[in-house]
$ cat model.cif   # mmCIF, C-alpha atoms
data_structure
#
loop_
_atom_site.group_PDB
_atom_site.id
_atom_site.type_symbol
_atom_site.label_atom_id
_atom_site.label_comp_id
_atom_site.auth_asym_id
_atom_site.auth_seq_id
_atom_site.Cartn_x
_atom_site.Cartn_y
_atom_site.Cartn_z
ATOM 1 C CA MET A 1450 0.000 0.000 0.000
ATOM 2 C CA LYS A 1451 1.354 3.402 -0.876
ATOM 3 C CA PRO A 1452 2.249 5.636 2.052
ATOM 4 C CA ALA A 1453 0.120 8.706 2.433
ATOM 5 C CA MET A 1454 1.912 11.900 1.505
ATOM 6 C CA PRO A 1455 2.226 14.344 4.388
ATOM 7 C CA ARG A 1456 0.557 17.695 4.345
ATOM 8 C CA PHE A 1457 2.757 20.721 4.778
ATOM 9 C CA SER A 1458 1.220 21.437 8.170
ATOM 10 C CA GLU A 1459 2.167 18.070 9.615
ATOM 11 C CA SER A 1460 5.019 17.686 12.060
ATOM 12 C CA THR A 1461 8.571 16.848 11.105
ATOM 13 C CA ASP A 1462 8.398 13.527 12.941
ATOM 14 C CA LEU A 1463 5.344 12.492 11.051
ATOM 15 C CA TYR A 1464 6.946 13.639 7.879
ATOM 16 C CA LEU A 1465 10.101 11.625 8.453
ATOM 17 C CA THR A 1466 8.017 8.581 9.209
ATOM 18 C CA ASP A 1467 6.204 9.067 5.986
ATOM 19 C CA LEU A 1468 9.454 9.710 4.197
ATOM 20 C CA GLN A 1469 10.928 6.439 5.374
ATOM 21 C CA ALA A 1470 7.791 4.637 4.336
ATOM 22 C CA ALA A 1471 7.913 6.380 1.029
ATOM 23 C CA GLN A 1472 11.493 5.350 0.440
ATOM 24 C CA ARG A 1473 10.660 1.754 1.270
ATOM 25 C CA GLY A 1474 7.785 1.861 -1.112
ATOM 26 C CA CYS A 1475 9.692 3.755 -3.783
ATOM 27 C CA PHE A 1476 7.264 6.626 -3.653
ATOM 28 C CA GLU A 1477 7.622 9.427 -6.154
ATOM 29 C CA LYS A 1478 11.028 11.053 -5.686
ATOM 30 C CA ASN A 1479 10.010 14.352 -7.129
ATOM 31 C CA MET A 1480 7.186 14.810 -4.662
ATOM 32 C CA LEU A 1481 9.552 14.025 -1.837
ATOM 33 C CA SER A 1482 12.175 16.488 -2.934
ATOM 34 C CA VAL A 1483 9.584 19.233 -3.174
ATOM 35 C CA MET A 1484 8.253 18.491 0.261
ATOM 36 C CA SER A 1485 11.527 17.903 2.092
ATOM 37 C CA PRO A 1486 13.624 21.037 1.855
ATOM 38 C CA GLY A 1487 16.149 19.829 4.426
ATOM 39 C CA LEU A 1488 17.124 16.797 2.422
ATOM 40 C CA LYS A 1489 19.644 16.471 -0.362
ATOM 41 C CA SER A 1490 18.833 18.299 -3.546
ATOM 42 C CA PRO A 1491 18.008 16.068 -6.505
ATOM 43 C CA PRO A 1492 20.961 14.982 -8.607
ATOM 44 C CA ALA A 1493 21.874 16.758 -11.811
ATOM 45 C CA SER A 1494 20.268 15.227 -14.853
ATOM 46 C CA VAL A 1495 21.628 14.496 -18.310
ATOM 47 C CA LEU A 1496 19.567 13.689 -21.385
ATOM 48 C CA LEU A 1497 21.887 11.277 -23.176
ATOM 49 C CA VAL A 1498 21.118 10.978 -26.885
ATOM 50 C CA GLU A 1499 23.025 8.179 -28.579
ATOM 51 C CA ASP A 1500 21.860 5.530 -31.008
ATOM 52 C CA GLU A 1501 24.708 3.101 -30.339
ATOM 53 C CA ILE A 1502 23.307 1.049 -27.488
ATOM 54 C CA LEU A 1503 26.640 -0.106 -26.070
ATOM 55 C CA ILE A 1504 28.077 3.409 -25.986
ATOM 56 C CA ARG A 1505 24.859 4.758 -24.508
ATOM 57 C CA LYS A 1506 24.668 2.066 -21.846
ATOM 58 C CA ASN A 1507 28.310 2.373 -20.811
ATOM 59 C CA LEU A 1508 28.198 6.142 -20.569
ATOM 60 C CA ALA A 1509 24.833 6.082 -18.777
ATOM 61 C CA ASP A 1510 26.135 3.553 -16.259
ATOM 62 C CA GLU A 1511 29.209 5.642 -15.513
ATOM 63 C CA LEU A 1512 27.234 8.865 -15.183
ATOM 64 C CA ARG A 1513 24.888 7.137 -12.751
ATOM 65 C CA GLU A 1514 27.906 5.941 -10.798
ATOM 66 C CA VAL A 1515 28.750 9.590 -10.068
ATOM 67 C CA ASN A 1516 25.175 10.304 -9.000
ATOM 68 C CA ILE A 1517 23.990 11.941 -12.190
ATOM 69 C CA ARG A 1518 20.468 11.094 -13.255
ATOM 70 C CA VAL A 1519 20.439 9.935 -16.861
ATOM 71 C CA ILE A 1520 17.581 9.930 -19.323
ATOM 72 C CA GLU A 1521 18.454 7.677 -22.244
ATOM 73 C CA ALA A 1522 17.243 8.546 -25.730
ATOM 74 C CA ALA A 1523 18.145 6.574 -28.831
ATOM 75 C CA SER A 1524 17.457 9.326 -31.350
ATOM 76 C CA ALA A 1525 17.123 13.072 -31.684
ATOM 77 C CA ALA A 1526 13.387 12.677 -32.203
ATOM 78 C CA GLU A 1527 13.011 10.680 -29.017
ATOM 79 C CA ALA A 1528 15.005 13.304 -27.098
ATOM 80 C CA TRP A 1529 12.833 16.048 -28.518
ATOM 81 C CA ASP A 1530 9.699 14.133 -27.469
ATOM 82 C CA TYR A 1531 11.081 13.992 -23.956
ATOM 83 C CA LEU A 1532 11.803 17.721 -23.876
ATOM 84 C CA GLN A 1533 8.419 18.551 -25.349
ATOM 85 C CA SER A 1534 6.698 16.586 -22.616
ATOM 86 C CA GLY A 1535 7.679 19.262 -20.106
ATOM 87 C CA ASN A 1536 10.807 17.626 -18.735
ATOM 88 C CA GLN A 1537 13.963 19.680 -18.668
ATOM 89 C CA PRO A 1538 17.316 18.107 -17.842
ATOM 90 C CA ASP A 1539 20.362 20.104 -16.748
ATOM 91 C CA LEU A 1540 22.388 19.005 -19.738
ATOM 92 C CA VAL A 1541 21.857 17.422 -23.142
ATOM 93 C CA PHE A 1542 24.692 15.164 -24.274
ATOM 94 C CA SER A 1543 24.024 14.236 -27.881
ATOM 95 C CA ASP A 1544 25.577 12.372 -30.748
ATOM 96 C CA VAL A 1545 25.190 14.086 -34.127
ATOM 97 C CA LYS A 1546 24.713 11.352 -36.677
ATOM 98 C CA MET A 1547 21.688 9.281 -35.740
ATOM 99 C CA PRO A 1548 18.835 7.577 -37.550
ATOM 100 C CA GLY A 1549 15.428 9.192 -37.599
ATOM 101 C CA PRO A 1550 13.732 12.209 -39.098
ATOM 102 C CA TYR A 1551 16.498 14.552 -37.974
ATOM 103 C CA ASP A 1552 19.970 14.446 -36.513
ATOM 104 C CA GLY A 1553 21.724 15.884 -33.495
ATOM 105 C CA LEU A 1554 22.412 19.230 -35.164
ATOM 106 C CA GLU A 1555 18.703 19.765 -35.776
ATOM 107 C CA LEU A 1556 18.058 18.786 -32.170
ATOM 108 C CA VAL A 1557 20.554 21.441 -31.068
ATOM 109 C CA ARG A 1558 18.857 24.036 -33.294
ATOM 110 C CA ARG A 1559 15.464 23.259 -31.790
ATOM 111 C CA ILE A 1560 16.775 23.276 -28.231
ATOM 112 C CA GLN A 1561 18.532 26.606 -28.704
ATOM 113 C CA LEU A 1562 15.323 28.126 -30.013
ATOM 114 C CA GLN A 1563 13.008 26.793 -27.338
ATOM 115 C CA PHE A 1564 15.325 26.220 -24.360
ATOM 116 C CA PRO A 1565 18.149 28.725 -24.808
ATOM 117 C CA ASP A 1566 19.543 28.182 -21.319
ATOM 118 C CA LEU A 1567 19.869 24.438 -21.638
ATOM 119 C CA LYS A 1568 23.497 23.268 -21.663
ATOM 120 C CA ILE A 1569 24.504 21.081 -24.595
ATOM 121 C CA ILE A 1570 27.437 18.830 -25.388
ATOM 122 C CA ILE A 1571 27.586 17.346 -28.864
ATOM 123 C CA THR A 1572 29.857 14.566 -29.943
ATOM 124 C CA SER A 1573 30.856 13.345 -33.369
ATOM 125 C CA GLY A 1574 33.647 11.648 -35.219
ATOM 126 C CA ASN A 1575 33.355 13.683 -38.373
ATOM 127 C CA LEU A 1576 32.098 17.167 -37.668
ATOM 128 C CA GLY A 1577 34.417 19.913 -38.825
ATOM 129 C CA PRO A 1578 34.909 23.107 -36.793
ATOM 130 C CA GLU A 1579 32.838 25.089 -39.294
ATOM 131 C CA GLN A 1580 29.883 22.733 -38.812
ATOM 132 C CA ARG A 1581 29.825 22.961 -35.030
ATOM 133 C CA PRO A 1582 26.993 25.094 -33.705
ATOM 134 C CA ALA A 1583 27.860 28.030 -31.490
ATOM 135 C CA GLY A 1584 27.130 27.870 -27.802
ATOM 136 C CA VAL A 1585 27.660 24.163 -27.379
ATOM 137 C CA LEU A 1586 30.594 22.141 -26.132
ATOM 138 C CA PHE A 1587 32.060 19.747 -28.677
ATOM 139 C CA LEU A 1588 33.532 16.393 -27.676
ATOM 140 C CA PRO A 1589 35.244 14.514 -30.514
ATOM 141 C CA LYS A 1590 34.556 10.821 -31.037
ATOM 142 C CA PRO A 1591 35.861 8.371 -30.143
ATOM 143 C CA TYR A 1592 36.040 9.490 -26.551
ATOM 144 C CA ARG A 1593 37.027 7.737 -23.368
ATOM 145 C CA ILE A 1594 34.037 7.198 -21.124
ATOM 146 C CA ASP A 1595 35.803 8.685 -18.111
ATOM 147 C CA HIS A 1596 36.704 11.748 -20.161
ATOM 148 C CA ALA A 1597 33.078 12.160 -21.240
ATOM 149 C CA VAL A 1598 31.899 11.808 -17.641
ATOM 150 C CA ASN A 1599 34.390 14.408 -16.442
ATOM 151 C CA THR A 1600 33.450 16.752 -19.260
ATOM 152 C CA ALA A 1601 29.797 16.463 -18.314
ATOM 153 C CA LYS A 1602 30.580 17.013 -14.643
ATOM 154 C CA ARG A 1603 32.661 20.098 -15.388
ATOM 155 C CA PHE A 1604 29.973 21.509 -17.651
ATOM 156 C CA LEU A 1605 27.398 20.907 -14.943
ATOM 157 C CA GLY A 1606 29.588 22.645 -12.398
ATOM 158 C CA LEU A 1607 29.965 19.556 -10.251
ATOM 159 C CA ALA A 1608 32.888 19.839 -7.906
ATOM 160 C CA ASP A 1609 35.370 17.180 -8.939
ATOM 161 C CA GLY A 1610 34.974 17.247 -12.688
ATOM 162 C CA ALA A 1611 38.648 17.979 -13.245
ATOM 163 C CA GLU A 1612 40.753 15.235 -14.760
ATOM 164 C CA MET B 726 34.495 2.203 -12.107
ATOM 165 C CA ALA B 727 32.865 -0.822 -10.612
ATOM 166 C CA LEU B 728 29.165 -1.134 -11.038
ATOM 167 C CA ASN B 729 27.035 -2.823 -8.475
ATOM 168 C CA ASN B 730 26.476 -6.136 -10.160
ATOM 169 C CA ALA B 731 25.011 -7.598 -7.004
ATOM 170 C CA LYS B 732 21.743 -5.829 -7.653
ATOM 171 C CA PRO B 733 19.168 -7.825 -9.586
ATOM 172 C CA CYS B 734 19.263 -6.670 -13.168
ATOM 173 C CA ILE B 735 16.131 -5.790 -15.123
ATOM 174 C CA LEU B 736 16.280 -5.453 -18.886
ATOM 175 C CA LEU B 737 13.518 -3.047 -19.835
ATOM 176 C CA VAL B 738 12.533 -3.128 -23.497
ATOM 177 C CA GLU B 739 10.120 -0.348 -24.302
ATOM 178 C CA PRO B 740 10.027 1.944 -27.336
ATOM 179 C CA ASP B 741 8.430 5.004 -25.755
ATOM 180 C CA ILE B 742 10.841 7.187 -23.781
ATOM 181 C CA LEU B 743 7.977 8.727 -21.837
ATOM 182 C CA VAL B 744 6.980 5.265 -20.617
ATOM 183 C CA ARG B 745 10.429 3.713 -20.394
ATOM 184 C CA HIS B 746 12.267 6.387 -18.456
ATOM 185 C CA PRO B 747 9.872 6.835 -15.503
ATOM 186 C CA LEU B 748 9.538 3.083 -15.087
ATOM 187 C CA ALA B 749 13.315 2.615 -15.264
ATOM 188 C CA GLU B 750 13.859 5.346 -12.665
ATOM 189 C CA TYR B 751 11.220 3.835 -10.421
ATOM 190 C CA LEU B 752 12.852 0.424 -10.555
ATOM 191 C CA ARG B 753 16.313 1.940 -9.918
ATOM 192 C CA GLU B 754 14.962 3.656 -6.836
ATOM 193 C CA CYS B 755 13.642 0.286 -5.739
ATOM 194 C CA GLY B 756 17.182 -1.070 -5.782
ATOM 195 C CA PHE B 757 17.413 -2.748 -9.164
ATOM 196 C CA ARG B 758 19.979 -2.311 -11.862
ATOM 197 C CA VAL B 759 18.039 -1.385 -14.985
ATOM 198 C CA CYS B 760 19.279 -1.620 -18.548
ATOM 199 C CA GLU B 761 17.114 0.181 -21.051
ATOM 200 C CA ALA B 762 16.556 -0.916 -24.615
ATOM 201 C CA LEU B 763 14.413 0.766 -27.180
ATOM 202 C CA ALA B 764 13.703 -2.357 -29.181
ATOM 203 C CA ALA B 765 14.506 -6.017 -29.612
ATOM 204 C CA VAL B 766 17.628 -5.336 -31.634
ATOM 205 C CA GLU B 767 19.104 -3.229 -28.830
ATOM 206 C CA ALA B 768 18.159 -5.830 -26.232
ATOM 207 C CA LYS B 769 19.868 -8.556 -28.219
ATOM 208 C CA THR B 770 22.975 -6.424 -28.614
ATOM 209 C CA LEU B 771 23.106 -5.872 -24.871
ATOM 210 C CA LEU B 772 22.765 -9.580 -24.178
ATOM 211 C CA LYS B 773 25.275 -10.622 -26.823
ATOM 212 C CA ASP B 774 27.934 -7.950 -26.517
ATOM 213 C CA ALA B 775 27.676 -6.284 -23.129
ATOM 214 C CA ASN B 776 28.091 -9.438 -21.077
ATOM 215 C CA LEU B 777 25.039 -8.574 -19.031
ATOM 216 C CA ARG B 778 23.723 -10.839 -16.334
ATOM 217 C CA VAL B 779 20.018 -10.173 -16.665
ATOM 218 C CA ASP B 780 17.595 -11.635 -14.142
ATOM 219 C CA ILE B 781 14.328 -10.392 -15.551
ATOM 220 C CA ALA B 782 13.355 -8.989 -18.928
ATOM 221 C CA LEU B 783 10.343 -6.733 -19.020
ATOM 222 C CA ILE B 784 9.315 -6.542 -22.644
ATOM 223 C CA ASP B 785 6.722 -4.485 -24.423
ATOM 224 C CA ALA B 786 5.013 -7.181 -26.441
ATOM 225 C CA ALA B 787 3.289 -5.091 -29.013
ATOM 226 C CA GLY B 788 5.980 -3.162 -30.774
ATOM 227 C CA ASN B 789 9.475 -3.605 -32.119
ATOM 228 C CA GLY B 790 9.569 -7.389 -32.127
ATOM 229 C CA GLY B 791 8.624 -8.049 -28.517
ATOM 230 C CA PHE B 792 7.286 -11.559 -29.079
ATOM 231 C CA ALA B 793 10.187 -12.509 -31.291
ATOM 232 C CA LEU B 794 12.563 -11.235 -28.640
ATOM 233 C CA ALA B 795 10.805 -13.305 -25.966
ATOM 234 C CA ASN B 796 11.103 -16.399 -28.143
ATOM 235 C CA TRP B 797 14.767 -15.668 -28.814
ATOM 236 C CA MET B 798 15.430 -15.259 -25.101
ATOM 237 C CA ARG B 799 13.674 -18.533 -24.362
ATOM 238 C CA ALA B 800 16.040 -20.222 -26.801
ATOM 239 C CA HIS B 801 19.283 -18.436 -25.958
ATOM 240 C CA HIS B 802 18.898 -17.209 -22.388
ATOM 241 C CA PRO B 803 16.495 -19.622 -20.700
ATOM 242 C CA ASN B 804 17.563 -18.457 -17.247
ATOM 243 C CA ILE B 805 16.082 -15.006 -17.796
ATOM 244 C CA GLU B 806 12.578 -14.616 -16.417
ATOM 245 C CA ILE B 807 10.356 -12.829 -18.910
ATOM 246 C CA VAL B 808 7.528 -10.456 -18.205
ATOM 247 C CA LEU B 809 5.581 -9.429 -21.265
ATOM 248 C CA ALA B 810 3.405 -6.369 -21.243
ATOM 249 C CA GLY B 811 0.799 -5.433 -23.763
ATOM 250 C CA THR B 812 -2.493 -3.797 -24.428
ATOM 251 C CA VAL B 813 -4.116 -6.221 -26.807
ATOM 252 C CA ALA B 814 -5.988 -9.066 -25.127
ATOM 253 C CA LYS B 815 -5.160 -11.582 -27.835
ATOM 254 C CA ALA B 816 -1.481 -10.760 -27.614
ATOM 255 C CA VAL B 817 -1.594 -11.151 -23.869
ATOM 256 C CA GLU B 818 -3.139 -14.629 -24.280
ATOM 257 C CA LYS B 819 -0.385 -15.560 -26.686
ATOM 258 C CA ALA B 820 2.179 -14.407 -24.159
ATOM 259 C CA GLY B 821 1.082 -17.155 -21.770
ATOM 260 C CA ASP B 822 3.537 -19.585 -23.310
ATOM 261 C CA LEU B 823 6.457 -17.234 -23.005
ATOM 262 C CA CYS B 824 6.441 -15.610 -19.628
ATOM 263 C CA GLU B 825 6.394 -16.651 -16.025
ATOM 264 C CA GLU B 826 3.320 -16.574 -13.837
ATOM 265 C CA GLY B 827 1.079 -15.699 -16.716
ATOM 266 C CA PRO B 828 0.863 -12.572 -18.780
ATOM 267 C CA ASP B 829 -0.674 -10.347 -16.187
ATOM 268 C CA ILE B 830 0.992 -7.059 -16.992
ATOM 269 C CA LYS B 831 -1.230 -4.881 -19.081
ATOM 270 C CA LYS B 832 -0.491 -1.439 -20.366
ATOM 271 C CA PRO B 833 -0.632 1.299 -19.372
ATOM 272 C CA TYR B 834 1.951 0.207 -16.830
ATOM 273 C CA ASP B 835 1.184 0.349 -13.181
ATOM 274 C CA HIS B 836 4.624 0.620 -11.604
ATOM 275 C CA LYS B 837 3.646 -1.059 -8.365
ATOM 276 C CA THR B 838 2.153 -4.019 -10.226
ATOM 277 C CA ILE B 839 5.392 -4.441 -12.120
ATOM 278 C CA LEU B 840 7.435 -4.198 -8.939
ATOM 279 C CA ASP B 841 5.261 -6.859 -7.290
ATOM 280 C CA GLN B 842 5.637 -9.139 -10.291
ATOM 281 C CA ILE B 843 9.421 -8.695 -10.314
ATOM 282 C CA ASN B 844 9.680 -9.388 -6.611
ATOM 283 C CA ARG B 845 7.517 -12.507 -6.974
ATOM 284 C CA LEU B 846 9.740 -13.815 -9.744
ATOM 285 C CA LEU B 847 12.929 -13.097 -7.825
ATOM 286 C CA ALA B 848 11.535 -14.760 -4.708
ATOM 287 C CA ALA B 849 10.519 -17.824 -6.704
ATOM 288 C CA ARG B 850 13.955 -17.960 -8.287
ATOM 289 C CA ALA B 851 15.645 -17.702 -4.889
ATOM 290 C CA LYS B 852 13.573 -20.637 -3.600
ATOM 291 C CA SER B 853 14.327 -22.912 -6.533
#

$ encode --input "model.cif" --output "structure tokens"
Amino acid sequence: MKPAMPRFSESTDLYLTDLQAAQRGCFEKNMLSVMSPGLKSPPASVLLVEDEILIRKNLADELREVNIRVIEAASAAEAWDYLQSGNQPDLVFSDVKMPGPYDGLELVRRIQLQFPDLKIIITSGNLGPEQRPAGVLFLPKPYRIDHAVNTAKRFLGLADGAE
Amino acid sequence: MALNNAKPCILLVEPDILVRHPLAEYLRECGFRVCEALAAVEAKTLLKDANLRVDIALIDAAGNGGFALANWMRAHHPNIEIVLAGTVAKAVEKAGDLCEEGPDIKKPYDHKTILDQINRLLAARAKS
């Protein structure tokens, strides 16, 4: 049975009891973070857009290891769907060449129009300097996973992103 | 970096990011390792090339070769428990031959129902 969510007027003790119950029952994290200002802030989030499943999985695993929340998208269109649904990550980390109706460069163009403050890293093995959009960080492929993780951490302003 | 391979691993095969991501996050918060795949071809790649030890596969039956993937897993990875999810009653009946404890996951997903099903399967596996 789901634990009842506390009302704002309820006592801290009651709230903590409910919080523990919520954690046991995997209650909605977002609700908890809104209602528990004394607890840790939610982790930074990265929308990872990569069609190569093994690259995506390895990078996602390593980002999660450093407490970054990762949303995995296999195409630019899927990433755009996610953004259009009202979700906004702290960073978009996107490949350029991907299958689907449009590629990573078009995704960047759309993001910069609609979400101009959203940080973006793009990665590619064959994108010349003149093709790279302004205002984004470029990471050449192939990259080492630890280098990509540190780049993302630095860009997010997380403390130990230095290599 | 070492990943926590002691956690039970769920392979979640679901084409819709707006369905897949919240369910994957929910299961991670419940203590599982979750590998996400958009479609059967990605799931097969993970199983063949990523050396994954998957305990349970939760597969969207309707799209992207879900049934074929379940059959392939039965043949190549018989130790993986399979949970098929779907919206079409006929497809759910068909799934009875492929998944454990009957095809009782219907879409739209109820996260708690899925969690209960996973825990039942893991408990049964631990007993056997």

$ atom_distance --input "model.cif" --atom1 "atom CA of A:Glu1499" --atom2 "atom CA of A:Ala1523"
5.1 Å

$ interface_residues --input "model.cif" --of "chain A" --to "chain B" --cutoff "7 Å" --atoms "all atoms listed in the file" --output "number ranges by chain"
A: 1475, 1502-1503, 1520, 1522, 1527, 1531

$ atom_distance --input "model.cif" --atom1 "atom CA of A:Pro1550" --atom2 "atom CA of A:Leu1586"
23.5 Å

$ atom_distance --input "model.cif" --atom1 "atom CA of A:Ile1569" --atom2 "atom CA of A:Val1557"
7.6 Å

$ resolve_selection --input "model.cif" --expression "the PyMOL selection byres ((chain A and resi 1493) around 12)" --output "ChimeraX atom specification"
/A:1489-1492,1494-1496,1512-1513,1515-1520,1537-1541,1568,1601-1607

$ residues_around --input "model.cif" --residues "stretch 803-806 of chain B" --least-positions-apart "2" --cutoff "10 Å" --atoms "all atoms listed in the file" --output "JSON list (two decimals) with C-alpha atoms, keeping the file's coordinate frame"
[["chain", "number", "residue", "atom", "x", "y", "z"],
["B", 735, "ILE", "CA", 16.13, -5.79, -15.12],
["B", 736, "LEU", "CA", 16.28, -5.45, -18.89],
["B", 778, "ARG", "CA", 23.72, -10.84, -16.33],
["B", 779, "VAL", "CA", 20.02, -10.17, -16.66],
["B", 780, "ASP", "CA", 17.60, -11.64, -14.14],
["B", 781, "ILE", "CA", 14.33, -10.39, -15.55],
["B", 782, "ALA", "CA", 13.36, -8.99, -18.93],
["B", 783, "LEU", "CA", 10.34, -6.73, -19.02],
["B", 795, "ALA", "CA", 10.80, -13.30, -25.97],
["B", 796, "ASN", "CA", 11.10, -16.40, -28.14],
["B", 797, "TRP", "CA", 14.77, -15.67, -28.81],
["B", 798, "MET", "CA", 15.43, -15.26, -25.10],
["B", 799, "ARG", "CA", 13.67, -18.53, -24.36],
["B", 800, "ALA", "CA", 16.04, -20.22, -26.80],
["B", 801, "HIS", "CA", 19.28, -18.44, -25.96],
["B", 808, "VAL", "CA", 7.53, -10.46, -18.20],
["B", 809, "LEU", "CA", 5.58, -9.43, -21.26],
["B", 823, "LEU", "CA", 6.46, -17.23, -23.00],
["B", 824, "CYS", "CA", 6.44, -15.61, -19.63],
["B", 825, "GLU", "CA", 6.39, -16.65, -16.02],
["B", 826, "GLU", "CA", 3.32, -16.57, -13.84],
["B", 843, "ILE", "CA", 9.42, -8.70, -10.31],
["B", 846, "LEU", "CA", 9.74, -13.82, -9.74],
["B", 847, "LEU", "CA", 12.93, -13.10, -7.82],
["B", 850, "ARG", "CA", 13.96, -17.96, -8.29]]

$ resolve_selection --input "model.cif" --expression "the PyMOL selection byres ((chain A and resi 1555) around 12)" --output "CSV table (one decimal) with C-alpha atoms, keeping the file's coordinate frame"
chain,number,residue,atom,x,y,z
A,1524,SER,CA,17.5,9.3,-31.4
A,1525,ALA,CA,17.1,13.1,-31.7
A,1526,ALA,CA,13.4,12.7,-32.2
A,1528,ALA,CA,15.0,13.3,-27.1
A,1529,TRP,CA,12.8,16.0,-28.5
A,1543,SER,CA,24.0,14.2,-27.9
A,1544,ASP,CA,25.6,12.4,-30.7
A,1545,VAL,CA,25.2,14.1,-34.1
A,1546,LYS,CA,24.7,11.4,-36.7
A,1547,MET,CA,21.7,9.3,-35.7
A,1549,GLY,CA,15.4,9.2,-37.6
A,1550,PRO,CA,13.7,12.2,-39.1
A,1551,TYR,CA,16.5,14.6,-38.0
A,1552,ASP,CA,20.0,14.4,-36.5
A,1553,GLY,CA,21.7,15.9,-33.5
A,1554,LEU,CA,22.4,19.2,-35.2
A,1556,LEU,CA,18.1,18.8,-32.2
A,1557,VAL,CA,20.6,21.4,-31.1
A,1558,ARG,CA,18.9,24.0,-33.3
A,1559,ARG,CA,15.5,23.3,-31.8
A,1560,ILE,CA,16.8,23.3,-28.2
A,1561,GLN,CA,18.5,26.6,-28.7
A,1562,LEU,CA,15.3,28.1,-30.0
A,1571,ILE,CA,27.6,17.3,-28.9
A,1580,GLN,CA,29.9,22.7,-38.8
A,1581,ARG,CA,29.8,23.0,-35.0
A,1582,PRO,CA,27.0,25.1,-33.7
